[in-house]
Amino acid sequence: MYFIDVILPIPLKQTFTYSVNEHEARFLKQGMRVAVPFGKSKVYTGIVYRVHTEPPSSYETKSIDQILDEEPILNSLQLKHWEWMASYYMCTLGEVIRAALPSAFLLESETLIKLATEAEVNESDLSDEEFLVYEALRHQSSLHINDVRSILDRRNVVKIIQQLLQKGAIEVEEAVYEKYTPKIVRYIRLAAEYTSEENLRQLLETLSRAPKQRDVLMSLFMLSAQQKQPVSSVQLQKQSDASAATLKTLIDKGILEEYFLQKDRVEYQGPEGADTKALTEVQSKALQEIRHSFETHEVTLLHGVTSSGKTELYVELISELLDSGKQLLYMLPEIALTTQLISRLQYYFGERIAVYHSKHTLNERVEVWNHVLQQKNKAQIVIGARSALFLPFSNLGLIIVDEAHEPSFKQYSPAPRYHARDSAIVLAQIHGAKTLLGSATPSLESTFNAQTGKYGWVKLKQRYGNVLMPEIELVDIREKHRKKRMTGHFSDRLLEEIHEVLKEGEQVILFQNRRGYSPFVECTTCGVSPQCPNCDVSLTYHQFKNELRCHYCGYHMAMPISCMACGSETLDTKGFGTEQIEAEVKELFPEHKVARMDQDTTKGKHAYAKLIEKVENREVDIIVGTQMLAKGLDFRSIRLVGVMNADNLLNFPDFRAHERSFQLLQQVAGRAGRTEKRGKVLIQTFNPLHRILQQVSVNDYDGMYKDEAEQRYQYKYPPYYRTIRITFRDRNYNKMQKAAVWFGALLQTKLKDQVLGPEAPPVGRIRNLFITNILVKIPRQQSAPKTKAFIARAVQSFNSVKDFSTVKLTIDVDNY
């Protein structure tokens, strides 16, 4: 008898054993997929973990339904990394697999299938059974796997569905995102036969009776002479006042030719040709240091100020690596924001780049997965968000983690709650590759590791082209309020600067870290403000839809006219968000274009790219936005950045509030003056003497690091201690509280005062579930694996208590 151990994508700790016959056992390898029955009627796609001959002692094995792959879709290095992830982040291998594999790989009884939208299926290509499924789907919108079973009257249907998927007749139903389509631009040029003077003269004579067409030609010559780059059809039409029809006639006659180019969302203005830019002296010195540091360290931290040309260094490192044939992973915090970067790299490396993230459709993700698995040239460089870690690399040479301090690298739900920066470092170690962390404001942990010699450390202190760092000025708005020098939320200093910058035809960014119009509404008579019925938060007022919304669960209601408690019509909005700033700016500067960039305005997939394009083409003078603006964007002509209120960042109830504020303000400031002229930053605050603001204003990262590290050391927080957060959720408050206290007491038996809590978070109820947290702090010298093993045993005994069966318990390791 032969057996296989299968990992199922479900949150259960162990693998499951199924029986196979001798042929199957010879054929199966680790990393292949098999469809297996589980429970009474469920089917799952599992991953083969090992093939062996020992029957399990505790249960009767079932046989597998069918084998789904010819070749493994995973490799052993991946499984090794995932096992590390499951043990370090205290979740199960099944959960990691569920997160890692594109869902088209994991067909199961819950999966819905439907007809593919652009299906051009030749029905004679389908087998009888495939045709039956295909027919059934033409009559109803979607089918479950169990429906397919009853149609075909057989149990093993996963393979058939998979063949239909491969033939492109059906697709798996899931939340479908729009696809990323490159922007295509139409260009016009003169047909080749008319380039000689003789033919051209004849042509112009024949066109003397068609003045419009002749104008188009003349404009084309003029434009071609003026500019080096090709002439686009839009430009030509504008210049010659011609209609599209005139152009079409000329093209139909064969006088003009049209051709299409994929236009990058980022214009690259520089020397032509795809050779990498020449590095400045400072940059080449940094590059030498990085190479040198890689000889002794696995991980190197590149601490380069904003706009110092870190990307150019990455490009150099990447091109060195390409010749060796190794693969490369370039990780970014948020992919939507980095359309800029992708086109910049495509400019250098063309076809060798693959992009992988969750905004892609399933088919695109599966495609990239297969390219990486087969080590194709197409996917030698992979750019992606945190999920790109899971791709089947077999020969990594370098991992670059850009903007490595970003909180978006941490996944909070569902499990595995991993931090992509840390997981990337482990992945690189498994492959024997190097890791480069790039950031203008590294997180305290990274700097701590660099200082203690665990990482190499390279600094880049100078902006590219010797542009000065922006000048930062703090504006005391308490003083301005007292002297009545405020207009709405703008101080006289800020307005003065905005006027000046706009007069010179340059752009302004205004930063406010709150979306919506105002954070809460209050009745001035009785002081009651409308609350969300499912969460413990007040509702935010959104003016453009005239409604109140909860930013946690999405509950919304129309804005009431009178107070719900006392009935007086005295509702007043308190606080301010981006919408309100936008409205004020429009009143103050009616003749300038204003755009707003936050979650509400960038809902659609291309909304982001469109906004960026408008800013690049200078169609917008003032941009109001939330922290989206702070992420490594590279705008050329921004001269002024205004921070509307720095205090709500600093007073956040979180041990990293100060570090995060410093990072955010530095990043926002880094958007100003990225070309020859020096930019300016104005920060409005009620407390200009605050330590962090003083440090931001002189770009004093080291000072901030010293102060913060000192505090962390005294209060026992990372980087000196590790933390694990255990969260309890339940609809019944008392039950949740009781469970948390019980669990806390159990942990304290061994961990004593390293256990804090249970303590309710700032928002104590979300979606009708009450929440409380326990925090476990582990000192550096104490063994983390042993502590985790103890917590895992505590969780086991917690799960065996009947009273707590409804309480959801989640564990988040390194929850910062």
# chains A, B, ... in the order shown; residues from 1 in each chain; ligands from 1
call {"tool": "select_by_dssp", "arguments": {"residues": "region 11-102 of chain A", "states": "helix (DSSP H, G or I)", "output": "PyMOL selection string"}}
result
chain A and resi 22-27+76-88+93-100
call {"tool": "write_last_selection", "arguments": {"atoms": "C-alpha atoms", "output": "PDB file, in the first residue's frame"}}
result
ATOM      1  CA  GLU A  22       1.398   2.063  -7.043  1.00  0.00           C
ATOM      2  CA  HIS A  23       1.264   3.926 -10.382  1.00  0.00           C
ATOM      3  CA  GLU A  24      -0.007   7.079  -8.719  1.00  0.00           C
ATOM      4  CA  ALA A  25       2.624   6.814  -6.019  1.00  0.00           C
ATOM      5  CA  ARG A  26       5.382   6.631  -8.634  1.00  0.00           C
ATOM      6  CA  PHE A  27       3.957   9.572 -10.528  1.00  0.00           C
ATOM      7  CA  SER A  76      10.620  22.569  -1.906  1.00  0.00           C
ATOM      8  CA  LEU A  77      12.145  25.983  -1.170  1.00  0.00           C
ATOM      9  CA  GLN A  78       8.677  27.496  -1.129  1.00  0.00           C
ATOM     10  CA  LEU A  79       7.353  24.870   1.229  1.00  0.00           C
ATOM     11  CA  LYS A  80      10.320  25.441   3.509  1.00  0.00           C
ATOM     12  CA  HIS A  81       9.565  29.171   3.609  1.00  0.00           C
ATOM     13  CA  TRP A  82       5.869  28.548   4.241  1.00  0.00           C
ATOM     14  CA  GLU A  83       6.614  26.154   7.084  1.00  0.00           C
ATOM     15  CA  TRP A  84       8.800  28.819   8.661  1.00  0.00           C
ATOM     16  CA  MET A  85       5.955  31.299   8.208  1.00  0.00           C
ATOM     17  CA  ALA A  86       3.384  29.001   9.790  1.00  0.00           C
ATOM     18  CA  SER A  87       5.550  28.336  12.810  1.00  0.00           C
ATOM     19  CA  TYR A  88       6.802  31.906  13.284  1.00  0.00           C
ATOM     20  CA  LEU A  93       0.314  25.615   6.836  1.00  0.00           C
ATOM     21  CA  GLY A  94      -3.149  25.387   5.281  1.00  0.00           C
ATOM     22  CA  GLU A  95      -3.788  29.074   5.943  1.00  0.00           C
ATOM     23  CA  VAL A  96      -0.467  30.015   4.383  1.00  0.00           C
ATOM     24  CA  ILE A  97      -1.298  27.972   1.301  1.00  0.00           C
ATOM     25  CA  ARG A  98      -4.712  29.573   1.023  1.00  0.00           C
ATOM     26  CA  ALA A  99      -3.014  32.991   1.089  1.00  0.00           C
ATOM     27  CA  ALA A 100      -0.223  31.988  -1.252  1.00  0.00           C
TER      28      ALA A 100
END
call {"tool": "residues_around", "arguments": {"residues": "Lys454 (chain A)", "least_positions_apart": "6", "cutoff": "12 Å", "atoms": "only C-alpha atoms", "output": "list in words"}}
result
Ser293, Phe294, Thr296, His297, Glu298, Val299, Thr300, Leu301, Glu445, Ser446, Thr447 and Phe448 of chain A
call {"tool": "write_last_selection", "arguments": {"atoms": "N, CA, C and O atoms", "output": "PDB file, in the first residue's frame"}}
result
ATOM      1  N   SER A 293      29.209  45.815   1.517  1.00  0.00           N
ATOM      2  CA  SER A 293      28.437  45.357   2.673  1.00  0.00           C
ATOM      3  C   SER A 293      27.853  43.967   2.423  1.00  0.00           C
ATOM      4  O   SER A 293      27.703  43.165   3.349  1.00  0.00           O
ATOM      5  N   PHE A 294      27.501  43.679   1.168  1.00  0.00           N
ATOM      6  CA  PHE A 294      26.936  42.360   0.844  1.00  0.00           C
ATOM      7  C   PHE A 294      27.972  41.246   1.010  1.00  0.00           C
ATOM      8  O   PHE A 294      27.621  40.079   1.104  1.00  0.00           O
ATOM      9  N   THR A 296      29.850  40.865   3.552  1.00  0.00           N
ATOM     10  CA  THR A 296      29.851  40.409   4.942  1.00  0.00           C
ATOM     11  C   THR A 296      28.458  40.220   5.530  1.00  0.00           C
ATOM     12  O   THR A 296      28.273  39.482   6.477  1.00  0.00           O
ATOM     13  N   HIS A 297      27.455  40.926   4.978  1.00  0.00           N
ATOM     14  CA  HIS A 297      26.103  40.850   5.556  1.00  0.00           C
ATOM     15  C   HIS A 297      25.092  40.276   4.566  1.00  0.00           C
ATOM     16  O   HIS A 297      25.209  40.488   3.374  1.00  0.00           O
ATOM     17  N   GLU A 298      24.080  39.601   5.113  1.00  0.00           N
ATOM     18  CA  GLU A 298      23.000  39.087   4.258  1.00  0.00           C
ATOM     19  C   GLU A 298      22.030  40.218   3.900  1.00  0.00           C
ATOM     20  O   GLU A 298      21.416  40.223   2.847  1.00  0.00           O
ATOM     21  N   VAL A 299      21.859  41.148   4.846  1.00  0.00           N
ATOM     22  CA  VAL A 299      20.861  42.209   4.659  1.00  0.00           C
ATOM     23  C   VAL A 299      21.569  43.547   4.754  1.00  0.00           C
ATOM     24  O   VAL A 299      22.407  43.750   5.630  1.00  0.00           O
ATOM     25  N   THR A 300      21.228  44.466   3.846  1.00  0.00           N
ATOM     26  CA  THR A 300      21.807  45.802   3.918  1.00  0.00           C
ATOM     27  C   THR A 300      20.693  46.830   3.937  1.00  0.00           C
ATOM     28  O   THR A 300      19.727  46.722   3.191  1.00  0.00           O
ATOM     29  N   LEU A 301      20.843  47.812   4.806  1.00  0.00           N
ATOM     30  CA  LEU A 301      19.855  48.883   4.899  1.00  0.00           C
ATOM     31  C   LEU A 301      20.393  50.083   4.140  1.00  0.00           C
ATOM     32  O   LEU A 301      21.493  50.561   4.433  1.00  0.00           O
ATOM     33  N   GLU A 445      13.255  49.352  14.161  1.00  0.00           N
ATOM     34  CA  GLU A 445      13.832  48.003  14.223  1.00  0.00           C
ATOM     35  C   GLU A 445      14.984  47.874  13.246  1.00  0.00           C
ATOM     36  O   GLU A 445      16.032  47.329  13.563  1.00  0.00           O
ATOM     37  N   SER A 446      14.769  48.360  12.009  1.00  0.00           N
ATOM     38  CA  SER A 446      15.808  48.204  10.984  1.00  0.00           C
ATOM     39  C   SER A 446      17.070  48.959  11.390  1.00  0.00           C
ATOM     40  O   SER A 446      18.177  48.444  11.275  1.00  0.00           O
ATOM     41  N   THR A 447      16.885  50.203  11.864  1.00  0.00           N
ATOM     42  CA  THR A 447      18.054  50.986  12.258  1.00  0.00           C
ATOM     43  C   THR A 447      18.761  50.317  13.427  1.00  0.00           C
ATOM     44  O   THR A 447      19.989  50.265  13.491  1.00  0.00           O
ATOM     45  N   PHE A 448      17.978  49.775  14.351  1.00  0.00           N
ATOM     46  CA  PHE A 448      18.551  49.087  15.514  1.00  0.00           C
ATOM     47  C   PHE A 448      19.405  47.908  15.038  1.00  0.00           C
ATOM     48  O   PHE A 448      20.540  47.719  15.478  1.00  0.00           O
TER      49      PHE A 448
END
call {"tool": "residues_around", "arguments": {"residues": "Gln30 (chain A)", "least_positions_apart": "2", "cutoff": "7 Å", "atoms": "only C-alpha atoms", "output": "PDB file with C-alpha atoms, in the first residue's frame"}}
result
ATOM      1  CA  LEU A  28       3.219  11.913  -7.618  1.00  0.00           C
ATOM      2  CA  MET A  32       1.564  18.465  -7.076  1.00  0.00           C
ATOM      3  CA  VAL A  48       1.067  16.590  -1.927  1.00  0.00           C
ATOM      4  CA  TYR A  49       3.546  16.883   0.922  1.00  0.00           C
ATOM      5  CA  ARG A  50       5.188  13.465   0.797  1.00  0.00           C
ATOM      6  CA  PRO A  72       4.600  20.107  -9.352  1.00  0.00           C
TER       7      PRO A  72
END
call {"tool": "closest_residue", "arguments": {"among": "A:Gly670, A:Pro779, A:Gly577, A:Gly453", "to": "Asp753 (chain A)", "atoms": "only C-alpha atoms"}}
result
A:Pro779
call {"tool": "residues_around", "arguments": {"residues": "Tyr187 (chain A)", "least_positions_apart": "6", "cutoff": "7 Å", "atoms": "only C-alpha atoms", "output": "ChimeraX atom specification"}}
result
/A:230-233,258-260
call {"tool": "closest_atom_pairs", "arguments": {"of": "region 142-244 of chain A", "to": "region 37-45 of chain A", "cutoff": "12 Å", "atoms": "only C-alpha atoms", "output": "Markdown table"}}
result
| residue | atom | partner | partner_atom | distance |
| --- | --- | --- | --- | --- |
| A:His144 | CA | A:Val43 | CA | 11.3 |
| A:Ile145 | CA | A:Val43 | CA | 8.4 |
| A:Asn146 | CA | A:Ser41 | CA | 8.4 |
| A:Arg149 | CA | A:Ser41 | CA | 10.9 |
| A:Arg155 | CA | A:Pro37 | CA | 9.4 |
| A:Asn156 | CA | A:Val43 | CA | 9.2 |
| A:Val157 | CA | A:Val43 | CA | 9.7 |
| A:Val158 | CA | A:Val43 | CA | 8.6 |
| A:Lys159 | CA | A:Thr45 | CA | 10.6 |
| A:Gln162 | CA | A:Thr45 | CA | 11.4 |
call {"tool": "closest_residue", "arguments": {"among": "A:His405, A:Leu220, A:Leu769, A:Ile472", "to": "Ser697 (chain A)", "atoms": "only C-alpha atoms"}}
result
A:Ile472
call {"tool": "residues_around", "arguments": {"residues": "region 593-596 of chain A", "least_positions_apart": "4", "cutoff": "9 Å", "atoms": "only C-alpha atoms", "output": "list in words"}}
result
Thr578, Glu579, Glu582, Val585, Lys586, Phe589, Thr601, Leu611, Val615, Glu619, Val620, Asp621, Ile622, Ile623, Val624, Gly625 and Thr626 of chain A
